[in-house]
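Here is the file run.cif (mmCIF, C-alpha atoms).
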data_protein
loop_
_atom_site.group_PDB
_atom_site.id
_atom_site.type_symbol
_atom_site.label_atom_id
_atom_site.label_comp_id
_atom_site.auth_asym_id
_atom_site.auth_seq_id
_atom_site.Cartn_x
_atom_site.Cartn_y
_atom_site.Cartn_z
ATOM 1 C CA MET H 234 22.810 33.263 5.486
ATOM 2 C CA ILE H 235 19.961 30.767 5.366
ATOM 3 C CA LYS H 236 17.578 31.679 2.521
ATOM 4 C CA ASN H 237 15.491 28.481 2.369
ATOM 5 C CA PRO H 238 15.036 27.439 6.006
ATOM 6 C CA TYR H 239 14.456 23.852 6.964
ATOM 7 C CA TYR H 240 13.400 23.767 10.634
ATOM 8 C CA ILE H 241 14.402 20.727 12.666
ATOM 9 C CA ALA H 242 13.677 19.545 16.209
ATOM 10 C CA GLU H 243 16.608 17.710 17.765
ATOM 11 C CA ILE H 244 15.289 15.484 20.545
ATOM 12 C CA THR H 245 17.419 13.344 22.841
ATOM 13 C CA SER H 246 15.754 10.917 25.239
ATOM 14 C CA SER H 247 16.809 8.147 27.591
ATOM 15 C CA ARG H 248 14.685 5.731 29.667
ATOM 16 C CA CYS H 249 11.383 7.416 28.786
ATOM 17 C CA SER H 250 8.855 7.956 26.000
ATOM 18 C CA VAL H 251 8.360 11.293 24.238
ATOM 19 C CA GLU H 252 5.899 13.042 21.925
ATOM 20 C CA PHE H 253 6.664 16.308 20.119
ATOM 21 C CA SER H 254 3.916 18.716 19.025
ATOM 22 C CA LEU H 255 4.241 21.944 17.059
ATOM 23 C CA ASN H 256 1.468 24.540 17.202
ATOM 24 C CA GLY H 257 -0.807 22.029 18.919
ATOM 25 C CA ILE H 258 -0.231 19.173 16.451
ATOM 26 C CA PRO H 259 1.642 15.938 17.290
ATOM 27 C CA ASN H 260 4.175 15.061 14.604
ATOM 28 C CA TYR H 261 6.775 12.817 16.264
ATOM 29 C CA ASN H 262 6.753 10.261 19.051
ATOM 30 C CA HIS H 263 8.924 7.495 20.417
ATOM 31 C CA PHE H 264 7.767 4.962 22.990
ATOM 32 C CA GLU H 265 10.604 3.243 24.837
ATOM 33 C CA GLU H 266 9.961 -0.277 26.107
ATOM 34 C CA THR H 267 12.952 -1.191 28.277
ATOM 35 C CA ASN H 268 14.909 0.439 31.076
ATOM 36 C CA VAL H 269 18.374 0.365 29.526
ATOM 37 C CA ALA H 270 21.227 2.852 29.744
ATOM 38 C CA SER H 271 20.985 4.017 26.143
ATOM 39 C CA THR H 272 20.284 7.401 24.596
ATOM 40 C CA ALA H 273 18.384 8.070 21.369
ATOM 41 C CA THR H 274 18.741 11.307 19.385
ATOM 42 C CA ILE H 275 16.525 12.213 16.447
ATOM 43 C CA GLU H 276 16.576 15.210 14.112
ATOM 44 C CA TRP H 277 12.967 15.648 13.002
ATOM 45 C CA PRO H 278 11.848 18.061 10.226
ATOM 46 C CA ILE H 279 8.960 20.269 11.348
ATOM 47 C CA ASN H 280 8.239 22.634 8.431
ATOM 48 C CA LEU H 281 4.960 20.802 7.750
ATOM 49 C CA PHE H 282 3.239 22.403 10.727
ATOM 50 C CA ILE H 283 4.405 25.990 10.240
ATOM 51 C CA LEU H 284 1.500 27.914 8.698
ATOM 52 C CA GLN H 285 2.764 31.467 8.891
ATOM 53 C CA ASN H 286 5.855 33.453 9.780
ATOM 54 C CA GLY H 287 6.371 34.525 13.363
ATOM 55 C CA GLN H 288 6.231 32.781 16.715
ATOM 56 C CA GLN H 289 5.874 28.998 16.746
ATOM 57 C CA ASP H 290 4.939 27.122 19.926
ATOM 58 C CA PHE H 291 6.234 23.635 20.619
ATOM 59 C CA GLU H 292 5.622 21.075 23.321
ATOM 60 C CA LEU H 293 7.477 17.918 24.288
ATOM 61 C CA LYS H 294 5.448 15.491 26.373
ATOM 62 C CA ILE H 295 7.569 13.116 28.439
ATOM 63 C CA MET H 296 5.951 9.833 29.441
ATOM 64 C CA PRO H 297 6.905 6.580 31.180
ATOM 65 C CA LEU H 298 8.235 3.491 29.489
ATOM 66 C CA LYS H 299 5.610 1.285 27.882
ATOM 67 C CA LYS H 300 3.652 -0.643 30.521
ATOM 68 C CA SER H 301 4.945 1.676 33.277
ATOM 69 C CA ALA H 302 2.919 4.165 35.294
ATOM 70 C CA THR H 303 5.522 6.793 36.176
ATOM 71 C CA ILE H 304 8.641 8.339 34.655
ATOM 72 C CA LEU H 305 11.891 6.779 35.869
ATOM 73 C CA GLU H 306 14.194 8.890 38.033
ATOM 74 C CA LYS H 307 17.055 8.130 35.607
ATOM 75 C CA ALA H 308 15.150 9.489 32.605
ATOM 76 C CA LEU H 309 16.747 12.291 30.607
ATOM 77 C CA VAL H 310 15.428 14.550 27.834
ATOM 78 C CA ARG H 311 16.977 17.357 25.783
ATOM 79 C CA ILE H 312 15.390 19.395 23.013
ATOM 80 C CA LYS H 313 16.399 22.264 20.758
ATOM 81 C CA ILE H 314 15.151 23.693 17.460
ATOM 82 C CA PHE H 315 17.546 24.745 14.732
ATOM 83 C CA LYS H 316 17.289 25.691 11.085
ATOM 84 C CA ALA H 317 19.360 24.522 8.146
ATOM 85 C CA GLU H 318 19.613 25.545 4.502
ATOM 86 C CA ALA H 319 17.418 23.332 2.303
ATOM 87 C CA ILE H 320 18.898 24.118 -1.112
ATOM 88 C CA GLU H 321 22.224 25.930 -1.016
ATOM 89 C CA GLU H 322 25.350 24.093 0.162
ATOM 90 C CA TYR H 323 27.850 24.923 2.911
ATOM 91 C CA VAL H 324 25.560 27.159 4.944
ATOM 92 C CA GLN H 325 25.966 26.805 8.693
ATOM 93 C CA GLN H 326 23.028 25.700 10.836
ATOM 94 C CA GLU H 327 21.493 28.200 13.251
ATOM 95 C CA LEU H 328 19.946 27.546 16.659
ATOM 96 C CA VAL H 329 16.518 29.221 16.886
ATOM 97 C CA SER H 330 15.371 28.116 20.352
ATOM 98 C CA GLU H 331 17.000 27.654 23.700
ATOM 99 C CA GLU H 332 18.278 24.153 24.437
ATOM 100 C CA ILE H 333 16.252 22.609 27.244
ATOM 101 C CA GLU H 334 17.401 19.645 29.348
ATOM 102 C CA VAL H 335 15.277 17.906 31.958
ATOM 103 C CA THR H 336 16.264 15.199 34.448
ATOM 104 C CA PHE H 337 14.007 13.473 36.952
ATOM 105 C CA THR H 338 16.129 12.723 40.021
ATOM 106 C CA ASP H 339 14.148 15.428 41.840
ATOM 107 C CA LYS H 340 10.833 14.700 40.109
ATOM 108 C CA LYS H 341 9.641 11.390 41.488
ATOM 109 C CA GLY H 342 6.473 9.504 40.592
ATOM 110 C CA LEU H 343 5.305 11.694 37.703
ATOM 111 C CA PRO H 344 2.976 10.118 35.094
ATOM 112 C CA THR H 345 3.829 12.854 32.551
ATOM 113 C CA TYR H 346 5.955 15.974 32.284
ATOM 114 C CA ILE H 347 5.601 18.674 29.634
ATOM 115 C CA ILE H 348 8.284 20.977 28.249
ATOM 116 C CA LYS H 349 7.043 24.073 26.424
ATOM 117 C CA GLY H 350 9.044 26.426 24.242
ATOM 118 C CA LYS H 351 8.867 28.780 21.288
ATOM 119 C CA PHE H 352 10.911 29.986 18.364
ATOM 120 C CA HIS H 353 10.617 32.415 15.464
ATOM 121 C CA ALA H 354 10.218 31.046 11.933
ATOM 122 C CA GLU H 355 10.386 32.705 8.520
ATOM 123 C CA LEU H 356 9.458 30.796 5.359
ATOM 124 C CA PRO H 357 9.835 32.194 1.821
ATOM 125 C CA PHE H 358 6.281 31.365 0.753
ATOM 126 C CA LYS H 359 2.678 31.469 1.969
ATOM 127 C CA ILE H 360 0.705 28.381 2.993
ATOM 128 C CA GLU H 361 -3.074 28.332 3.402
ATOM 129 C CA GLY H 362 -3.345 25.017 5.271
ATOM 130 C CA TRP H 363 -6.091 25.210 7.894
ATOM 131 C CA LYS H 364 -5.791 28.939 8.719
ATOM 132 C CA ASN H 365 -9.397 29.695 7.777
ATOM 133 C CA SER H 366 -10.905 26.246 8.293
ATOM 134 C CA VAL H 367 -14.053 25.425 10.264
ATOM 135 C CA ASP H 368 -13.840 24.887 14.036
ATOM 136 C CA LEU H 369 -14.510 21.142 14.222
ATOM 137 C CA SER H 370 -15.008 21.222 17.988
ATOM 138 C CA LYS H 371 -18.530 22.472 17.211
ATOM 139 C CA ASP H 372 -19.329 19.361 15.138
ATOM 140 C CA ASP H 373 -21.198 16.374 16.549
ATOM 141 C CA ARG H 374 -18.369 14.070 17.674
ATOM 142 C CA ILE H 375 -20.149 10.877 16.613
ATOM 143 C CA PHE H 376 -20.752 12.149 13.084
ATOM 144 C CA LEU H 377 -17.236 13.595 12.900
ATOM 145 C CA PHE H 378 -15.730 10.244 13.890
ATOM 146 C CA GLU H 379 -17.861 8.427 11.317
ATOM 147 C CA GLU H 380 -16.811 10.839 8.566
ATOM 148 C CA ILE H 381 -13.120 10.373 9.373
ATOM 149 C CA ILE H 382 -13.211 6.621 9.954
ATOM 150 C CA ALA H 383 -14.828 6.095 6.539
ATOM 151 C CA TRP H 384 -11.416 7.023 5.157
ATOM 152 C CA ASN H 385 -9.849 3.990 6.859
ATOM 153 C CA GLN H 386 -11.080 1.515 4.240
ATOM 154 C CA LYS H 387 -11.119 4.122 1.464
ATOM 155 C CA ILE H 388 -7.347 4.628 1.793
ATOM 156 C CA ALA H 389 -6.746 0.878 2.145
ATOM 157 C CA THR H 390 -8.563 0.323 -1.154
ATOM 158 C CA ILE H 391 -6.451 2.993 -2.866
ATOM 159 C CA TYR H 392 -3.271 1.146 -1.880
ATOM 160 C CA GLN H 393 -4.678 -2.333 -2.530
ATOM 161 C CA THR H 394 -5.658 -1.405 -6.084
ATOM 162 C CA SER H 395 -2.792 1.031 -6.851
ATOM 163 C CA ASP H 396 -5.434 3.647 -7.610
ATOM 164 C CA THR H 397 -3.335 6.644 -8.689
ATOM 165 C CA ILE H 398 -6.400 8.709 -9.590
ATOM 166 C CA GLY H 399 -8.009 8.014 -6.213
ATOM 167 C CA TYR H 400 -4.762 8.837 -4.409
ATOM 168 C CA HIS H 401 -4.352 12.114 -6.271
ATOM 169 C CA LYS H 402 -7.935 13.112 -5.508
ATOM 170 C CA ALA H 403 -7.539 12.307 -1.791
ATOM 171 C CA PHE H 404 -4.048 13.684 -1.155
ATOM 172 C CA GLU H 405 -3.580 16.417 -3.790
ATOM 173 C CA LYS H 406 -3.846 19.427 -1.452
ATOM 174 C CA ARG H 407 -1.788 17.772 1.281
ATOM 175 C CA ASP H 408 1.018 16.669 -1.011
ATOM 176 C CA PHE H 409 1.170 20.035 -2.791
ATOM 177 C CA GLU H 410 1.715 21.916 0.471
ATOM 178 C CA ILE H 411 4.107 19.316 1.893
ATOM 179 C CA ASN H 412 6.290 19.408 -1.210
ATOM 180 C CA GLN H 413 6.338 23.195 -1.068
ATOM 181 C CA LEU H 414 7.234 23.258 2.630
ATOM 182 C CA MET H 415 9.984 20.671 2.149
ATOM 183 C CA TYR H 416 11.380 22.305 -1.026
ATOM 184 C CA LEU H 417 10.570 19.214 -3.084
ATOM 185 C CA PRO H 418 9.452 18.987 -6.730
ATOM 186 C CA GLN H 419 5.723 18.479 -7.194
ATOM 187 C CA MET H 420 4.962 14.787 -7.791
ATOM 188 C CA GLU H 421 3.066 14.027 -10.964
ATOM 189 C CA GLU H 422 1.937 10.512 -10.059
ATOM 190 C CA MET H 423 1.955 8.313 -6.970
ATOM 191 C CA SER H 424 4.177 5.234 -7.190
ATOM 192 C CA PHE H 425 2.798 2.258 -5.254
ATOM 193 C CA HIS H 426 4.822 -0.692 -3.977
ATOM 194 C CA PRO H 427 3.783 -4.071 -5.458
ATOM 195 C CA LYS H 428 3.279 -5.406 -1.919
ATOM 196 C CA ASP H 429 0.713 -2.702 -1.087
ATOM 197 C CA LYS H 430 -2.036 -4.930 -2.493
ATOM 198 C CA TYR H 431 -1.627 -7.180 0.559
ATOM 199 C CA VAL H 432 -2.344 -4.555 3.213
ATOM 200 C CA GLU H 433 -5.609 -4.292 5.106
ATOM 201 C CA SER H 434 -7.164 -1.781 7.456
ATOM 202 C CA LEU H 435 -7.480 -2.301 11.197
ATOM 203 C CA PRO H 436 -10.939 -2.450 12.839
ATOM 204 C CA ASN H 437 -12.575 0.950 13.196
ATOM 205 C CA ASN H 438 -13.363 0.425 16.879
ATOM 206 C CA LEU H 439 -9.649 0.482 17.753
ATOM 207 C CA TYR H 440 -9.444 4.180 16.920
ATOM 208 C CA LYS H 441 -10.458 7.211 18.951
ATOM 209 C CA LEU H 442 -11.239 10.732 17.747
ATOM 210 C CA GLU H 443 -8.944 13.648 18.632
ATOM 211 C CA LEU H 444 -8.920 17.364 17.728
ATOM 212 C CA TYR H 445 -5.846 19.563 17.251
ATOM 213 C CA ALA H 446 -4.795 23.135 16.407
ATOM 214 C CA ASN H 447 -7.610 24.733 18.417
ATOM 215 C CA GLY H 448 -10.201 22.516 16.742
ATOM 216 C CA LYS H 449 -9.147 23.294 13.159
ATOM 217 C CA LEU H 450 -7.803 19.753 12.606
ATOM 218 C CA ALA H 451 -9.160 16.315 13.482
ATOM 219 C CA SER H 452 -7.958 12.750 13.166
ATOM 220 C CA VAL H 453 -8.263 9.334 14.742
ATOM 221 C CA ARG H 454 -5.605 7.569 16.727
ATOM 222 C CA LEU H 455 -4.326 4.222 17.939
ATOM 223 C CA PRO H 456 -2.319 3.776 21.158
ATOM 224 C CA TYR H 457 1.417 4.451 20.657
ATOM 225 C CA GLU H 458 0.852 5.803 17.121
ATOM 226 C CA LEU H 459 0.672 9.280 15.643
ATOM 227 C CA PRO H 460 -2.804 10.377 14.473
ATOM 228 C CA GLY H 461 -3.900 8.649 11.278
ATOM 229 C CA PHE H 462 -4.298 5.067 10.088
ATOM 230 C CA ARG H 463 -2.297 1.864 10.386
ATOM 231 C CA TYR H 464 -2.326 -0.801 7.642
ATOM 232 C CA ASN H 465 -0.978 -4.297 8.238
ATOM 233 C CA PRO H 466 -0.169 -7.076 5.747
ATOM 234 C CA ASN H 467 -2.752 -9.854 5.416
ATOM 235 C CA VAL H 468 -0.174 -12.422 4.275
ATOM 236 C CA LYS H 469 2.667 -14.145 6.105
ATOM 237 C CA ASP H 470 5.557 -12.808 4.113
ATOM 238 C CA GLU H 471 8.711 -11.378 5.650
ATOM 239 C CA GLU H 472 9.078 -8.978 2.737
ATOM 240 C CA THR H 473 5.561 -7.547 3.089
ATOM 241 C CA MET H 474 5.512 -4.686 5.558
ATOM 242 C CA GLY H 475 2.663 -2.703 7.014
ATOM 243 C CA PHE H 476 2.772 1.075 7.304
ATOM 244 C CA SER H 477 1.264 3.992 9.170
ATOM 245 C CA LEU H 478 -0.039 7.197 7.598
ATOM 246 C CA ASN H 479 0.080 10.314 9.782
ATOM 247 C CA ILE H 480 -3.039 12.152 8.574
ATOM 248 C CA TYR H 481 -4.999 15.233 9.625
ATOM 249 C CA PHE H 482 -8.367 16.394 8.274
ATOM 250 C CA HIS H 483 -9.923 19.854 8.021
ATOM 251 C CA ARG H 484 -13.170 21.319 6.694
ATOM 252 C CA ARG H 485 -12.659 24.358 4.481
ATOM 253 C CA GLU H 486 -16.216 25.658 4.710
ATOM 254 C CA LYS H 487 -19.257 24.771 6.790
ATOM 255 C CA GLY H 488 -21.267 22.096 4.989
ATOM 256 C CA GLU H 489 -18.317 20.829 2.946
ATOM 257 C CA LEU H 490 -16.819 17.359 3.348
ATOM 258 C CA LEU H 491 -13.623 16.851 5.304
ATOM 259 C CA GLU H 492 -10.428 16.741 3.293
ATOM 260 C CA ILE H 493 -6.902 15.572 4.072
ATOM 261 C CA ILE H 494 -4.630 18.572 4.648
ATOM 262 C CA ARG H 495 -1.622 16.905 6.365
#

Taking this structure as input, can you express it in the form of structure tokens?
Amino acid sequence: MIKNPYYIAEITSSRCSVEFSLNGIPNYNHFEETNVASTATIEWPINLFILQNGQQDFELKIMPLKKSATILEKALVRIKIFKAEAIEEYVQQELVSEEIEVTFTDKKGLPTYIIKGKFHAELPFKIEGWKNSVDLSKDDRIFLFEEIIAWNQKIATIYQTSDTIGYHKAFEKRDFEINQLMYLPQMEEMSFHPKDKYVESLPNNLYKLELYANGKLASVRLPYELPGFRYNPNVKDEETMGFSLNIYFHRREKGELLEIIR
């Protein structure tokens, strides 16, 4: 019997691009570039976007290859959700959704195709998250974008200066809930990589504003990336890598500032 469930989406794709969303929030994508006869399978943890026990709704958006307009007829996608035991050993996995497979030999010329499904989840703790947050769809979109995009350089500075206090202040609520949902010990202090001082933010005008979870969450997005920010190295050094941060903001009460919740 699974006492500490760890929910996982198993996604198989071939000759197409995919994006997985749970409860209206994107949390995995893969953009394929070439038309080759290969198949990719990923097992992606999804506990982070389960707010309460009961029915969970998922969506898998199928898209063309990069730089293509329509989905190839030879494309293939399969998806299923299962749960595993996070703490105890030797507990068998359990399938919690139907397994869905889609081919496109009879679906020609489609720019996108969406699979929808649901499953039942039970977690052994309560998460507040954005349950009672403000509906951001009622905010002025220009001001909302400006409030979020101000975090672009703010986060870059935190990493550039290894600012543990600034990181804790910005990410405390997010990290607390993530560690709880993933059955991880609570981190006492952020550990930065020495190369982080060489990263820099991308221009603000590359991002666009998007809302999720019925307007309770907001973020900004680059093409082919999950919502959040991308930071690239400003030095030519093979050992210095950039990174992306998948980030979502909410507003707890009207009149309060946005805060990072995922």

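In terms of minimum interatomic distance to H:Phe376, H:Leu491 ranks closest within H:Arg463, H:Leu491, H:Thr267, H:Asn256, counting all atoms listed in the file.
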
Residues near H:Asp372, anyone? I mean within 10 Å using only C-alpha atoms, not counting same-chain ones fewer than 6 positions away, as a VMD selection string.
chain H and resid 378 448 487

Once you have the residues from the selection above, write them out as a PDB file, keeping the file's coordinate frame, restricted to C-alpha atoms.
ATOM      1  CA  PHE H 378     -15.730  10.244  13.890  1.00  0.00           C
ATOM      2  CA  GLY H 448     -10.201  22.516  16.742  1.00  0.00           C
ATOM      3  CA  LYS H 487     -19.257  24.771   6.790  1.00  0.00           C
TER       4      LYS H 487
END

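Pairwise distance (atom CA of H:Tyr481, atom CA of H:Ser434) equals 17.3 Å.
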
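Ranking H:Asn286, H:Asn447, H:Asn412, H:Asn438 by their shortest atom-to-atom distance to H:Ser370, with all atoms listed in the file included, puts H:Asn447 first.
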
Go ahead and find all residues with at least one atom no further than 6 Å from (12.3, 25.3, 21.9) in the file's coordinates, using only C-alpha atoms; report them as number ranges by chain.
H: 313-314, 330-331, 350-351

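Going from atom CA of H:Glu489 to atom CA of H:Glu458 covers 28.2 Å.
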
Quick one: which residues end up in the PyMOL selection byres ((chain H and resi 354) around 9) for this structure, as a PyMOL selection string?
chain H and resi 238+240+283+285-289+316+329+352-353+355-356

Up to 12 Å from (-1.3, 31.4, -0.6) in the file's coordinates: name the residues, counting all atoms listed in the file, as a PyMOL selection string.
chain H and resi 284-285+357-365+409-410+413

For the residues in that selection, give me C-alpha atoms as a compact mmCIF listing (two decimals), in the coordinates of the input.
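Writing done, so here's out_9.txt:
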# COMPACT_ATOMS: atom_id res chain seq x y z
CA LEU H 284 1.50 27.91 8.70
CA GLN H 285 2.76 31.47 8.89
CA PRO H 357 9.84 32.19 1.82
CA PHE H 358 6.28 31.36 0.75
CA LYS H 359 2.68 31.47 1.97
CA ILE H 360 0.70 28.38 2.99
CA GLU H 361 -3.07 28.33 3.40
CA GLY H 362 -3.34 25.02 5.27
CA TRP H 363 -6.09 25.21 7.89
CA LYS H 364 -5.79 28.94 8.72
CA ASN H 365 -9.40 29.70 7.78
CA PHE H 409 1.17 20.04 -2.79
CA GLU H 410 1.72 21.92 0.47
CA GLN H 413 6.34 23.20 -1.07

All residues 7 Å or closer to H:Lys299, only C-alpha atoms, same chain fewer than 2 positions away omitted, as number ranges by chain
H: 264-266, 297, 301

Can you patch up stretch 326-357 of chain H, filling it in to N, CA and C atoms, and show the result as a compact mmCIF listing (two decimals), in the frame of the given file?
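Generated file (result21.txt):
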# COMPACT_ATOMS: atom_id res chain seq x y z
N GLN H 326 24.30 25.78 10.12
CA GLN H 326 23.03 25.70 10.84
C GLN H 326 22.94 26.81 11.88
N GLU H 327 21.70 27.17 12.24
CA GLU H 327 21.49 28.20 13.25
C GLU H 327 20.51 27.70 14.30
N LEU H 328 20.85 27.88 15.56
CA LEU H 328 19.95 27.55 16.66
C LEU H 328 18.88 28.63 16.75
N VAL H 329 17.60 28.23 16.83
CA VAL H 329 16.52 29.22 16.89
C VAL H 329 15.72 29.16 18.18
N SER H 330 16.02 28.20 19.04
CA SER H 330 15.37 28.12 20.35
C SER H 330 16.44 27.88 21.40
N GLU H 331 16.08 28.05 22.65
CA GLU H 331 17.00 27.65 23.70
C GLU H 331 17.05 26.13 23.77
N GLU H 332 18.18 25.60 24.22
CA GLU H 332 18.28 24.15 24.44
C GLU H 332 17.81 23.85 25.85
N ILE H 333 16.85 22.94 25.95
CA ILE H 333 16.25 22.61 27.24
C ILE H 333 16.62 21.18 27.62
N GLU H 334 17.09 20.99 28.84
CA GLU H 334 17.40 19.64 29.35
C GLU H 334 16.64 19.42 30.65
N VAL H 335 16.04 18.25 30.76
CA VAL H 335 15.28 17.91 31.96
C VAL H 335 15.72 16.55 32.47
N THR H 336 16.01 16.47 33.77
CA THR H 336 16.26 15.20 34.45
C THR H 336 15.19 15.00 35.52
N PHE H 337 15.13 13.80 36.08
CA PHE H 337 14.01 13.47 36.95
C PHE H 337 14.44 12.95 38.32
N THR H 338 15.69 13.17 38.70
CA THR H 338 16.13 12.72 40.02
C THR H 338 15.37 13.44 41.14
N ASP H 339 14.91 14.66 40.85
CA ASP H 339 14.15 15.43 41.84
C ASP H 339 12.67 15.52 41.48
N LYS H 340 12.24 14.69 40.55
CA LYS H 340 10.83 14.70 40.11
C LYS H 340 10.32 13.26 40.16
N LYS H 341 9.97 12.80 41.31
CA LYS H 341 9.64 11.39 41.49
C LYS H 341 8.15 11.12 41.31
N GLY H 342 7.85 9.98 40.68
CA GLY H 342 6.47 9.50 40.59
C GLY H 342 5.57 10.26 39.64
N LEU H 343 6.14 10.93 38.64
CA LEU H 343 5.30 11.69 37.70
C LEU H 343 4.80 10.81 36.57
N PRO H 344 3.49 10.88 36.24
CA PRO H 344 2.98 10.12 35.09
C PRO H 344 3.33 10.78 33.76
N THR H 345 3.42 12.11 33.75
CA THR H 345 3.83 12.85 32.55
C THR H 345 4.54 14.13 32.99
N TYR H 346 5.29 14.69 32.05
CA TYR H 346 5.96 15.97 32.28
C TYR H 346 6.02 16.68 30.94
N ILE H 347 5.68 17.96 30.91
CA ILE H 347 5.60 18.67 29.63
C ILE H 347 6.59 19.84 29.59
N ILE H 348 7.39 19.86 28.54
CA ILE H 348 8.28 20.98 28.25
C ILE H 348 7.61 21.85 27.19
N LYS H 349 7.59 23.15 27.42
CA LYS H 349 7.04 24.07 26.42
C LYS H 349 8.11 25.08 26.01
N GLY H 350 8.09 25.45 24.74
CA GLY H 350 9.04 26.43 24.24
C GLY H 350 8.51 27.12 23.01
N LYS H 351 9.28 28.04 22.49
CA LYS H 351 8.87 28.78 21.29
C LYS H 351 10.09 29.17 20.48
N PHE H 352 9.85 29.48 19.22
CA PHE H 352 10.91 29.99 18.36
C PHE H 352 10.28 30.81 17.25
N HIS H 353 11.09 31.58 16.57
CA HIS H 353 10.62 32.42 15.46
C HIS H 353 10.97 31.75 14.15
N ALA H 354 10.00 31.68 13.24
CA ALA H 354 10.22 31.05 11.93
C ALA H 354 9.87 32.01 10.81
N GLU H 355 10.64 31.93 9.74
CA GLU H 355 10.39 32.70 8.52
C GLU H 355 10.52 31.77 7.33
N LEU H 356 9.44 31.62 6.57
CA LEU H 356 9.46 30.80 5.36
C LEU H 356 9.26 31.69 4.13
N PRO H 357 9.87 31.33 3.00
CA PRO H 357 9.84 32.19 1.82
C PRO H 357 8.59 32.03 0.95
